[in-house]
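Below: run.cif (mmCIF, C-alpha atoms and all ligand atoms)
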```
data_coords
#
loop_
_atom_site.group_PDB
_atom_site.id
_atom_site.type_symbol
_atom_site.label_atom_id
_atom_site.label_comp_id
_atom_site.auth_asym_id
_atom_site.auth_seq_id
_atom_site.Cartn_x
_atom_site.Cartn_y
_atom_site.Cartn_z
ATOM 1 C CA MET A 85 3.308 7.496 247.585
ATOM 2 C CA THR A 86 4.460 10.248 245.213
ATOM 3 C CA GLY A 87 2.633 12.867 243.241
ATOM 4 C CA GLY A 88 -0.387 12.949 245.545
ATOM 5 C CA ARG A 89 -2.441 16.083 246.049
ATOM 6 C CA LEU A 90 -1.126 16.403 249.635
ATOM 7 C CA GLU A 91 2.402 15.225 248.938
ATOM 8 C CA GLY A 92 4.821 16.569 251.572
ATOM 9 C CA LYS A 93 2.081 17.850 253.871
ATOM 10 C CA VAL A 94 1.515 16.968 257.518
ATOM 11 C CA ALA A 95 -2.098 16.859 258.683
ATOM 12 C CA ILE A 96 -3.814 16.462 262.027
ATOM 13 C CA VAL A 97 -7.373 15.145 261.839
ATOM 14 C CA THR A 98 -9.379 15.251 265.065
ATOM 15 C CA GLY A 99 -12.185 12.792 265.619
ATOM 16 C CA ALA A 100 -10.403 10.549 263.125
ATOM 17 C CA ALA A 101 -11.172 7.240 264.825
ATOM 18 C CA SER A 102 -14.590 7.142 263.142
ATOM 19 C CA GLY A 103 -16.862 8.451 260.423
ATOM 20 C CA ILE A 104 -15.938 11.584 258.495
ATOM 21 C CA GLY A 105 -12.611 11.999 260.285
ATOM 22 C CA ARG A 106 -11.442 8.490 259.560
ATOM 23 C CA ALA A 107 -12.502 8.657 255.904
ATOM 24 C CA SER A 108 -10.688 11.993 255.568
ATOM 25 C CA ALA A 109 -7.524 10.740 257.260
ATOM 26 C CA GLU A 110 -7.475 7.775 254.886
ATOM 27 C CA ARG A 111 -8.070 10.028 251.874
ATOM 28 C CA PHE A 112 -5.368 12.486 252.980
ATOM 29 C CA ALA A 113 -2.864 9.654 253.461
ATOM 30 C CA ALA A 114 -3.722 8.165 250.070
ATOM 31 C CA GLU A 115 -2.814 11.568 248.579
ATOM 32 C CA GLY A 116 0.583 11.558 250.246
ATOM 33 C CA ALA A 117 -0.016 13.376 253.554
ATOM 34 C CA ARG A 118 1.543 12.196 256.771
ATOM 35 C CA VAL A 119 -1.402 12.084 259.151
ATOM 36 C CA VAL A 120 -1.872 12.377 262.899
ATOM 37 C CA ILE A 121 -5.064 10.589 263.907
ATOM 38 C CA ALA A 122 -6.312 12.362 267.047
ATOM 39 C CA ASP A 123 -9.286 11.104 269.001
ATOM 40 C CA LEU A 124 -10.691 10.561 272.469
ATOM 41 C CA ASP A 125 -11.069 6.932 271.455
ATOM 42 C CA GLU A 126 -7.472 5.733 271.622
ATOM 43 C CA SER A 127 -8.027 2.186 270.397
ATOM 44 C CA GLY A 128 -10.094 3.436 267.447
ATOM 45 C CA ALA A 129 -7.384 5.986 266.646
ATOM 46 C CA ARG A 130 -4.704 3.289 266.776
ATOM 47 C CA GLU A 131 -6.739 1.035 264.521
ATOM 48 C CA ALA A 132 -7.251 3.836 261.990
ATOM 49 C CA ALA A 133 -3.519 4.625 261.931
ATOM 50 C CA GLU A 134 -2.662 0.936 261.515
ATOM 51 C CA ALA A 135 -5.129 0.599 258.644
ATOM 52 C CA ILE A 136 -3.479 3.539 256.855
ATOM 53 C CA ALA A 137 -0.031 2.058 257.419
ATOM 54 C CA GLY A 138 -1.338 -1.259 256.122
ATOM 55 C CA ASP A 139 -2.353 0.498 252.908
ATOM 56 C CA GLY A 140 1.141 1.956 252.503
ATOM 57 C CA GLY A 141 0.394 5.364 254.039
ATOM 58 C CA ASP A 142 2.114 7.167 256.895
ATOM 59 C CA ALA A 143 0.013 7.806 260.007
ATOM 60 C CA THR A 144 0.411 7.950 263.733
ATOM 61 C CA HIS A 145 -2.203 8.197 266.446
ATOM 62 C CA VAL A 146 -2.572 10.273 269.575
ATOM 63 C CA ARG A 147 -5.228 10.154 272.269
ATOM 64 C CA ALA A 148 -6.544 13.697 272.574
ATOM 65 C CA ASP A 149 -9.613 15.222 274.154
ATOM 66 C CA VAL A 150 -10.128 18.424 272.153
ATOM 67 C CA THR A 151 -11.760 20.089 275.165
ATOM 68 C CA ARG A 152 -8.507 19.870 277.173
ATOM 69 C CA ALA A 153 -5.849 22.450 276.381
ATOM 70 C CA ASP A 154 -2.966 20.198 277.478
ATOM 71 C CA ASP A 155 -4.121 17.484 275.099
ATOM 72 C CA THR A 156 -4.283 19.899 272.185
ATOM 73 C CA TYR A 157 -0.726 21.118 272.763
ATOM 74 C CA ALA A 158 0.492 17.516 273.068
ATOM 75 C CA MET A 159 -1.315 16.635 269.833
ATOM 76 C CA VAL A 160 0.444 19.415 267.925
ATOM 77 C CA SER A 161 3.804 18.535 269.505
ATOM 78 C CA ALA A 162 3.321 14.933 268.382
ATOM 79 C CA ALA A 163 2.876 16.094 264.777
ATOM 80 C CA VAL A 164 5.831 18.490 264.838
ATOM 81 C CA GLU A 165 8.183 16.061 266.601
ATOM 82 C CA ARG A 166 7.332 13.103 264.424
ATOM 83 C CA TYR A 167 6.903 14.791 261.050
ATOM 84 C CA GLY A 168 8.823 18.076 261.410
ATOM 85 C CA GLY A 169 5.976 20.571 261.019
ATOM 86 C CA LEU A 170 2.268 21.032 260.434
ATOM 87 C CA ASP A 171 0.383 22.063 257.287
ATOM 88 C CA VAL A 172 -3.232 21.044 257.876
ATOM 89 C CA LEU A 173 -5.431 21.033 260.967
ATOM 90 C CA PHE A 174 -8.783 19.383 260.333
ATOM 91 C CA ASN A 175 -10.966 20.321 263.320
ATOM 92 C CA ASN A 176 -13.499 17.556 262.847
ATOM 93 C CA ALA A 177 -14.226 16.087 266.296
ATOM 94 C CA GLY A 178 -17.792 16.831 267.274
ATOM 95 C CA LEU A 179 -20.603 15.947 269.619
ATOM 96 C CA ALA A 180 -24.189 15.440 268.441
ATOM 97 C CA THR A 181 -27.378 16.022 270.367
ATOM 98 C CA ALA A 182 -30.792 14.391 270.026
ATOM 99 C CA SER A 183 -33.794 16.449 268.969
ATOM 100 C CA VAL A 184 -35.488 17.784 272.103
ATOM 101 C CA PRO A 185 -37.524 20.924 272.747
ATOM 102 C CA ILE A 186 -35.784 23.813 274.481
ATOM 103 C CA GLU A 187 -37.610 23.088 277.752
ATOM 104 C CA GLU A 188 -35.955 19.669 277.890
ATOM 105 C CA THR A 189 -32.504 20.776 276.786
ATOM 106 C CA THR A 190 -30.341 20.331 279.880
ATOM 107 C CA GLU A 191 -27.438 22.567 280.796
ATOM 108 C CA SER A 192 -25.124 19.574 280.665
ATOM 109 C CA VAL A 193 -26.133 18.805 277.059
ATOM 110 C CA TRP A 194 -25.724 22.482 276.148
ATOM 111 C CA ASP A 195 -22.312 22.683 277.847
ATOM 112 C CA ALA A 196 -21.064 19.475 276.243
ATOM 113 C CA ALA A 197 -22.163 20.575 272.765
ATOM 114 C CA MET A 198 -20.375 23.900 273.208
ATOM 115 C CA ALA A 199 -17.291 22.308 274.768
ATOM 116 C CA VAL A 200 -16.557 19.828 271.997
ATOM 117 C CA ASN A 201 -17.955 21.671 268.971
ATOM 118 C CA VAL A 202 -16.780 25.205 269.780
ATOM 119 C CA LYS A 203 -14.172 25.239 272.547
ATOM 120 C CA GLY A 204 -12.484 22.221 270.982
ATOM 121 C CA VAL A 205 -12.002 24.090 267.708
ATOM 122 C CA PHE A 206 -10.670 27.114 269.611
ATOM 123 C CA LEU A 207 -8.191 25.031 271.643
ATOM 124 C CA CYS A 208 -6.903 22.962 268.714
ATOM 125 C CA SER A 209 -6.555 26.035 266.487
ATOM 126 C CA ARG A 210 -4.744 27.955 269.232
ATOM 127 C CA ALA A 211 -2.328 25.101 269.791
ATOM 128 C CA ALA A 212 -1.684 24.631 266.067
ATOM 129 C CA ALA A 213 -1.452 28.308 265.052
ATOM 130 C CA PRO A 214 2.305 28.812 265.605
ATOM 131 C CA ALA A 215 3.236 25.715 263.605
ATOM 132 C CA LEU A 216 0.752 26.529 260.831
ATOM 133 C CA ARG A 217 1.954 30.126 260.543
ATOM 134 C CA ARG A 218 5.495 28.863 259.895
ATOM 135 C CA GLY A 219 4.484 27.192 256.650
ATOM 136 C CA GLY A 220 1.230 28.782 255.478
ATOM 137 C CA GLY A 221 -1.262 26.042 256.174
ATOM 138 C CA SER A 222 -4.936 25.182 256.087
ATOM 139 C CA ILE A 223 -7.407 24.905 258.942
ATOM 140 C CA ILE A 224 -10.654 23.110 258.150
ATOM 141 C CA VAL A 225 -13.608 22.945 260.531
ATOM 142 C CA THR A 226 -16.471 20.479 260.281
ATOM 143 C CA SER A 227 -19.449 22.702 260.966
ATOM 144 C CA SER A 228 -22.823 21.423 259.751
ATOM 145 C CA ILE A 229 -25.612 22.531 257.474
ATOM 146 C CA MET A 230 -27.436 22.890 260.808
ATOM 147 C CA GLY A 231 -25.109 25.805 261.502
ATOM 148 C CA ILE A 232 -26.811 27.572 258.574
ATOM 149 C CA ARG A 233 -30.251 26.032 258.149
ATOM 150 C CA ALA A 234 -31.994 25.103 261.395
ATOM 151 C CA ARG A 235 -34.085 22.071 262.276
ATOM 152 C CA PRO A 236 -36.339 22.151 265.345
ATOM 153 C CA GLY A 237 -34.993 20.463 268.456
ATOM 154 C CA TYR A 238 -31.258 20.823 267.877
ATOM 155 C CA SER A 239 -30.749 24.219 269.537
ATOM 156 C CA ALA A 240 -27.455 23.445 271.297
ATOM 157 C CA TYR A 241 -25.901 21.642 268.350
ATOM 158 C CA ALA A 242 -27.053 24.199 265.761
ATOM 159 C CA ALA A 243 -25.892 27.133 267.888
ATOM 160 C CA ALA A 244 -22.500 25.478 268.343
ATOM 161 C CA LYS A 245 -22.111 24.754 264.628
ATOM 162 C CA ALA A 246 -23.054 28.346 263.785
ATOM 163 C CA ALA A 247 -20.595 29.720 266.341
ATOM 164 C CA VAL A 248 -17.755 27.793 264.838
ATOM 165 C CA ILE A 249 -18.378 29.340 261.413
ATOM 166 C CA GLN A 250 -17.757 32.827 262.783
ATOM 167 C CA LEU A 251 -14.760 31.543 264.745
ATOM 168 C CA ALA A 252 -13.316 30.207 261.469
ATOM 169 C CA ARG A 253 -14.042 33.469 259.621
ATOM 170 C CA THR A 254 -12.252 35.413 262.370
ATOM 171 C CA LEU A 255 -9.232 33.116 262.225
ATOM 172 C CA ALA A 256 -9.194 33.446 258.425
ATOM 173 C CA LEU A 257 -8.668 37.215 258.822
ATOM 174 C CA GLU A 258 -6.186 36.833 261.672
ATOM 175 C CA MET A 259 -3.977 34.334 259.905
ATOM 176 C CA ALA A 260 -4.189 35.468 256.269
ATOM 177 C CA SER A 261 -1.000 37.527 256.543
ATOM 178 C CA ASP A 262 0.894 34.300 257.256
ATOM 179 C CA GLY A 263 -0.765 32.479 254.365
ATOM 180 C CA VAL A 264 -2.932 30.321 256.607
ATOM 181 C CA ARG A 265 -6.386 29.629 255.185
ATOM 182 C CA VAL A 266 -9.392 28.741 257.360
ATOM 183 C CA ASN A 267 -12.586 27.227 255.937
ATOM 184 C CA CYS A 268 -15.613 25.270 257.123
ATOM 185 C CA LEU A 269 -17.424 22.262 255.759
ATOM 186 C CA ALA A 270 -21.174 22.054 256.278
ATOM 187 C CA PRO A 271 -22.310 18.459 255.824
ATOM 188 C CA VAL A 272 -25.923 17.382 255.906
ATOM 189 C CA ALA A 273 -26.957 14.201 257.804
ATOM 190 C CA THR A 274 -24.090 11.801 257.150
ATOM 191 C CA ASP A 275 -24.096 8.027 257.383
ATOM 192 C CA THR A 276 -21.805 7.635 260.411
ATOM 193 C CA PRO A 277 -22.344 6.354 263.970
ATOM 194 C CA MET A 278 -23.296 9.926 264.952
ATOM 195 C CA LEU A 279 -26.473 9.730 262.865
ATOM 196 C CA GLY A 280 -28.047 7.520 265.535
ATOM 197 C CA THR A 281 -27.834 10.373 268.044
ATOM 198 C CA PHE A 282 -29.567 12.754 265.642
ATOM 199 C CA ILE A 283 -32.304 10.188 265.004
ATOM 200 C CA GLY A 284 -32.813 9.768 268.762
ATOM 201 C CA ASP A 285 -35.771 7.708 269.917
ATOM 202 C CA ARG A 286 -37.340 7.376 266.476
ATOM 203 C CA GLU A 287 -37.241 4.077 264.660
ATOM 204 C CA VAL A 288 -33.991 4.013 262.671
ATOM 205 C CA ASP A 289 -35.422 3.562 259.151
ATOM 206 C CA GLU A 290 -38.048 6.200 259.821
ATOM 207 C CA GLY A 291 -35.419 8.610 261.138
ATOM 208 C CA ARG A 292 -33.124 8.087 258.166
ATOM 209 C CA ALA A 293 -36.046 8.502 255.750
ATOM 210 C CA ALA A 294 -37.039 11.756 257.428
ATOM 211 C CA PHE A 295 -33.568 13.174 256.859
ATOM 212 C CA VAL A 296 -33.394 11.882 253.281
ATOM 213 C CA SER A 297 -36.757 13.472 252.460
ATOM 214 C CA SER A 298 -35.253 16.891 253.243
ATOM 215 C CA ILE A 299 -32.245 16.432 250.926
ATOM 216 C CA PRO A 300 -32.865 17.371 247.270
ATOM 217 C CA LEU A 301 -30.307 14.886 245.915
ATOM 218 C CA GLY A 302 -32.238 12.156 247.709
ATOM 219 C CA ARG A 303 -29.717 10.433 249.941
ATOM 220 C CA LEU A 304 -27.655 10.895 253.075
ATOM 221 C CA ALA A 305 -24.102 12.193 252.787
ATOM 222 C CA LEU A 306 -21.392 9.556 252.941
ATOM 223 C CA PRO A 307 -18.121 10.051 254.834
ATOM 224 C CA ALA A 308 -16.358 9.917 251.458
ATOM 225 C CA ASP A 309 -18.398 12.887 250.171
ATOM 226 C CA VAL A 310 -17.155 15.008 253.050
ATOM 227 C CA ALA A 311 -13.608 13.627 252.801
ATOM 228 C CA GLU A 312 -13.384 14.754 249.149
ATOM 229 C CA ALA A 313 -14.373 18.294 250.119
ATOM 230 C CA ALA A 314 -11.899 18.252 253.022
ATOM 231 C CA LEU A 315 -9.172 17.083 250.653
ATOM 232 C CA PHE A 316 -9.857 20.043 248.367
ATOM 233 C CA LEU A 317 -9.666 22.524 251.254
ATOM 234 C CA ALA A 318 -6.492 20.873 252.583
ATOM 235 C CA SER A 319 -4.758 20.927 249.201
ATOM 236 C CA ASP A 320 -3.140 23.778 247.289
ATOM 237 C CA GLU A 321 -6.008 23.528 244.790
ATOM 238 C CA SER A 322 -7.910 25.804 247.187
ATOM 239 C CA ALA A 323 -4.926 28.150 247.670
ATOM 240 C CA PHE A 324 -6.999 31.340 247.204
ATOM 241 C CA ILE A 325 -10.043 30.229 249.191
ATOM 242 C CA THR A 326 -10.380 31.324 252.805
ATOM 243 C CA GLY A 327 -13.166 32.213 255.220
ATOM 244 C CA THR A 328 -15.736 30.185 253.298
ATOM 245 C CA VAL A 329 -18.329 27.576 254.222
ATOM 246 C CA LEU A 330 -18.606 24.699 251.763
ATOM 247 C CA PRO A 331 -21.894 22.819 252.070
ATOM 248 C CA VAL A 332 -21.700 19.073 251.424
ATOM 249 C CA ASP A 333 -25.414 18.722 251.682
ATOM 250 C CA GLY A 334 -27.062 17.398 248.532
ATOM 251 C CA GLY A 335 -28.841 20.734 248.226
ATOM 252 C CA ARG A 336 -30.372 20.827 251.722
ATOM 253 C CA GLY A 337 -29.182 24.407 252.261
ATOM 254 C CA ILE A 338 -30.858 25.798 249.135
HETATM 255 N N1 LIG B 401 -23.003 12.526 260.964
HETATM 256 C C1 LIG B 401 -23.682 13.618 260.647
HETATM 257 O O1 LIG B 401 -24.888 13.560 260.333
HETATM 258 C C2 LIG B 401 -23.007 14.968 260.648
HETATM 259 C C3 LIG B 401 -23.599 16.011 259.909
HETATM 260 C C4 LIG B 401 -22.991 17.265 259.911
HETATM 261 C C5 LIG B 401 -21.832 17.455 260.624
HETATM 262 N N2 LIG B 401 -21.274 16.426 261.327
HETATM 263 C C6 LIG B 401 -20.061 16.695 262.074
HETATM 264 O O2 LIG B 401 -19.038 15.896 261.512
HETATM 265 C C7 LIG B 401 -18.017 15.669 262.476
HETATM 266 C C8 LIG B 401 -17.667 14.205 262.509
HETATM 267 O O3 LIG B 401 -18.795 13.465 262.919
HETATM 268 P P1 LIG B 401 -19.095 11.966 262.420
HETATM 269 O O4 LIG B 401 -20.435 11.992 261.823
HETATM 270 O O5 LIG B 401 -17.947 11.448 261.658
HETATM 271 O O6 LIG B 401 -19.244 11.241 263.838
HETATM 272 P P2 LIG B 401 -18.570 9.963 264.509
HETATM 273 O O7 LIG B 401 -19.334 9.735 265.759
HETATM 274 O O8 LIG B 401 -18.444 8.865 263.506
HETATM 275 O O9 LIG B 401 -17.098 10.477 264.857
HETATM 276 C C9 LIG B 401 -16.858 11.477 265.798
HETATM 277 C C10 LIG B 401 -15.498 11.219 266.426
HETATM 278 O O10 LIG B 401 -15.200 12.325 267.273
HETATM 279 C C11 LIG B 401 -14.582 11.798 268.430
HETATM 280 N N3 LIG B 401 -14.734 12.736 269.551
HETATM 281 C C12 LIG B 401 -15.878 13.078 270.212
HETATM 282 N N4 LIG B 401 -15.590 13.923 271.215
HETATM 283 C C13 LIG B 401 -14.238 14.130 271.182
HETATM 284 C C14 LIG B 401 -13.349 14.895 271.971
HETATM 285 N N5 LIG B 401 -13.775 15.626 273.010
HETATM 286 N N6 LIG B 401 -12.037 14.876 271.640
HETATM 287 C C15 LIG B 401 -11.595 14.134 270.614
HETATM 288 N N7 LIG B 401 -12.385 13.376 269.847
HETATM 289 C C16 LIG B 401 -13.699 13.375 270.131
HETATM 290 C C17 LIG B 401 -15.321 10.485 268.696
HETATM 291 O O11 LIG B 401 -14.569 9.622 269.549
HETATM 292 C C18 LIG B 401 -15.469 9.942 267.282
HETATM 293 O O12 LIG B 401 -14.368 9.130 266.898
HETATM 294 C C19 LIG B 401 -18.563 16.238 263.786
HETATM 295 O O13 LIG B 401 -18.035 17.524 264.016
HETATM 296 C C20 LIG B 401 -20.052 16.324 263.522
HETATM 297 O O14 LIG B 401 -20.673 17.273 264.350
HETATM 298 C C21 LIG B 401 -21.835 15.193 261.336
#
```

What would the structure in this file look like if it were written as structure tokens?
Ligand SMILES: NC(=O)c1ccc[n+]([C@@H]2O[C@H](COP(=O)([O-])OP(=O)(O)OC[C@H]3O[C@@H](n4cnc5c(N)ncnc54)[C@H](O)[C@@H]3O)[C@@H](O)[C@H]2O)c1
Amino acid sequence: MTGGRLEGKVAIVTGAASGIGRASAERFAAEGARVVIADLDESGAREAAEAIAGDGGDATHVRADVTRADDTYAMVSAAVERYGGLDVLFNNAGLATASVPIEETTESVWDAAMAVNVKGVFLCSRAAAPALRRGGGSIIVTSSIMGIRARPGYSAYAAAKAAVIQLARTLALEMASDGVRVNCLAPVATDTPMLGTFIGDREVDEGRAAFVSSIPLGRLALPADVAEAALFLASDESAFITGTVLPVDGGRGI
């Protein structure tokens, strides 16, 4: 593929076996990026990479748990060894929680939400920083509109998604002198497998309708909506944009 918006770039997308990550990896590859599909789910990651290759794109997969430092270094090495460098790190892997009152929020749920959604972004960004600084790259973080506008019952998830915004803003200042940009996406409820966790014990149609009723544009986000925004932040079209949070939320954050 030539002339794409990510032509010549190498991108790692975490959590790319499913949902927003997979849609973004496919979109990046269609725009000419060479893509490393990183996920805990190795067979899903392999399948996603094969689907991209089947469509004429260039992708490879790596099994990586973003909460494990060794895995994050191996993930970055895989990108640099196979493709010769790194331009884009899309920190997208995340862990949802169900809506429960604070009294019923267990320490293990809290710790898991922080480990994947916050520590994972720290570890992946730390591992990727040297390679990104060499070429002036882009780090993107999938936060959530819940990191800005709260809903009752999601204390661990919302706190984690808020924390990662300030982490990204800090990295934006730290890495600006090397031309590395760092931005967040803040999607509203998105139609992916994760939505079931947010809906929890409620009946599925009722749960989806409850989310939709809170979104001015009147529908859930689709993975493709978020992938388009990620593509913009990955590309040179956003060359002067850093430290920002881009809602992909149908107006929920207004
Ligand atoms: N779906 C929504 O409503 C919604 C809304 C706002 C933000 N988000 C965020 O978007 C991102 C993507 O979520 P999605 O909706 O596509 O969900 P998804 O469940 O479709 O995909 C998440 C992927 O992350 C992977 N993953 C989980 N833990 C991991 C770990 N420790 N290491 C590596 N990979 C891991 C999973 O295997 C899965 O493939 C997450 O950060 C999520 O918090 C989702």

Worksheet item: Which residues form the shell of 8 Å around ligand LIG 401 (chain B) when you count only C-alpha atoms and all ligand atoms, given as a PyMOL selection string?
Response: chain A and resi 98-106+122-125+128-129+147-152+175-180+199-201+204+225-230+241+245+270-279+282+305+307

Practice prompt. Spell out the residues picked by the PyMOL selection byres (((chain A and resi 108-121) around 7) and not hetatm) here, as a ChimeraX atom specification.
Written response: /A:85-86,88-98,100,104-107,122-123,129,133,136,141-146,163,311,314-315

Given 5 Å on each side, where is the centre and what are the edge lengths in Å to one decimal of the axis-aligned box enclosing the listed atoms of region 327-337 of chain A, as JSON?
```
{"center_x": -21.8, "center_y": 24.8, "center_z": 251.7, "size_x": 27.2, "size_y": 24.8, "size_z": 17.0}
```

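Restricting the calculation to all atoms listed in the file, the smallest distance between Glu321 (chain A) and any of A:Arg336, A:Ser192, A:Ala132, A:Ser222 is found for A:Ser222.
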
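Residue nearest Ala211 (chain A), chosen from A:Asp154, A:Asp320, A:Asp139, A:Glu131 and counting all atoms listed in the file: A:Asp154.
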
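With only the atoms specified (only C-alpha atoms) counting, those residues at most 6 Å away from (-16.8, 26.3, 265.5) are Asn201, Val202, Val205, Lys245, Ala247, Val248, Ile249 and Leu251 of chain A.
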
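Each of A:Val264, A:Arg233, A:Gln250, A:Ile186 was checked against Pro214 (chain A) using all atoms listed in the file; the smallest atom-to-atom distance is that of A:Val264.
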
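Here CA of Ser161 (chain A) and CA of Ala212 (chain A) stand 8.9 Å from one another.
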
Item to complete: Given the file shown, enumerate the residues that the PyMOL selection byres (((chain A and resi 335) around 10) and not hetatm) captures and present them as a PyMOL selection string.
Response: chain A and resi 229+272+298-302+331-334+336-338

Please produce a file of those selected residues containing C-alpha atoms, as a short mmCIF file (atom, residue, chain, number, x, y, z; two decimals), in the coordinates of the input.
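Saved the output as again-v4.cif:
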```
data_model
loop_
_atom_site.label_atom_id
_atom_site.label_comp_id
_atom_site.auth_asym_id
_atom_site.auth_seq_id
_atom_site.Cartn_x
_atom_site.Cartn_y
_atom_site.Cartn_z
CA ILE A 229 -25.61 22.53 257.47
CA VAL A 272 -25.92 17.38 255.91
CA SER A 298 -35.25 16.89 253.24
CA ILE A 299 -32.24 16.43 250.93
CA PRO A 300 -32.86 17.37 247.27
CA LEU A 301 -30.31 14.89 245.92
CA GLY A 302 -32.24 12.16 247.71
CA PRO A 331 -21.89 22.82 252.07
CA VAL A 332 -21.70 19.07 251.42
CA ASP A 333 -25.41 18.72 251.68
CA GLY A 334 -27.06 17.40 248.53
CA ARG A 336 -30.37 20.83 251.72
CA GLY A 337 -29.18 24.41 252.26
CA ILE A 338 -30.86 25.80 249.14
#
```

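Proximity of A:Leu207, A:Arg286, A:Glu312, A:Gly327 to Leu255 (chain A), computed with all atoms listed in the file, is greatest for A:Gly327.
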
Discussion item. I need the residue nearest Tyr238 (chain A) from this list: A:Pro185, A:Gly280, A:Gly219, A:Gly168. Use all atoms listed in the file for the distance.
Written reply: A:Pro185

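Of the listed residues A:Ser209, A:Ser183, A:Phe295, A:Ala234, the one whose atoms come nearest to Ala252 (chain A) is A:Ser209, with distances taken using all atoms listed in the file.
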
Discussion item. I need the output of the PyMOL selection byres (((chain A and resi 263) around 12) and not hetatm) for this file as a list in words; which residues are they?
Written reply: Asp171, Ala213, Leu216, Arg217, Arg218, Gly219, Gly220, Gly221, Ser222, Ile223, Leu255, Ala256, Leu257, Glu258, Met259, Ala260, Ser261, Asp262, Val264, Arg265, Val266, Asp320, Ala323, Phe324, Ile325 and Thr326 of chain A

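In this structure, CA of Asp285 (chain A) sits 16.3 Å away from CA of Val193 (chain A).
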
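You will find CA of Pro236 (chain A) at 8.1 Å from CA of Val184 (chain A).
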
Long-range neighbours of Val329 (chain A) as a short mmCIF file (atom, residue, chain, number, x, y, z; two decimals) with C-alpha atoms, keeping the file's coordinate frame, 7 Å cut-off, all atoms listed in the file, 4 positions minimum in chain:
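Done, and the output landed in out.cif:
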```
data_model
loop_
_atom_site.label_atom_id
_atom_site.label_comp_id
_atom_site.auth_asym_id
_atom_site.auth_seq_id
_atom_site.Cartn_x
_atom_site.Cartn_y
_atom_site.Cartn_z
CA ASN A 267 -12.59 27.23 255.94
CA CYS A 268 -15.61 25.27 257.12
CA LEU A 269 -17.42 22.26 255.76
CA ALA A 270 -21.17 22.05 256.28
#
```
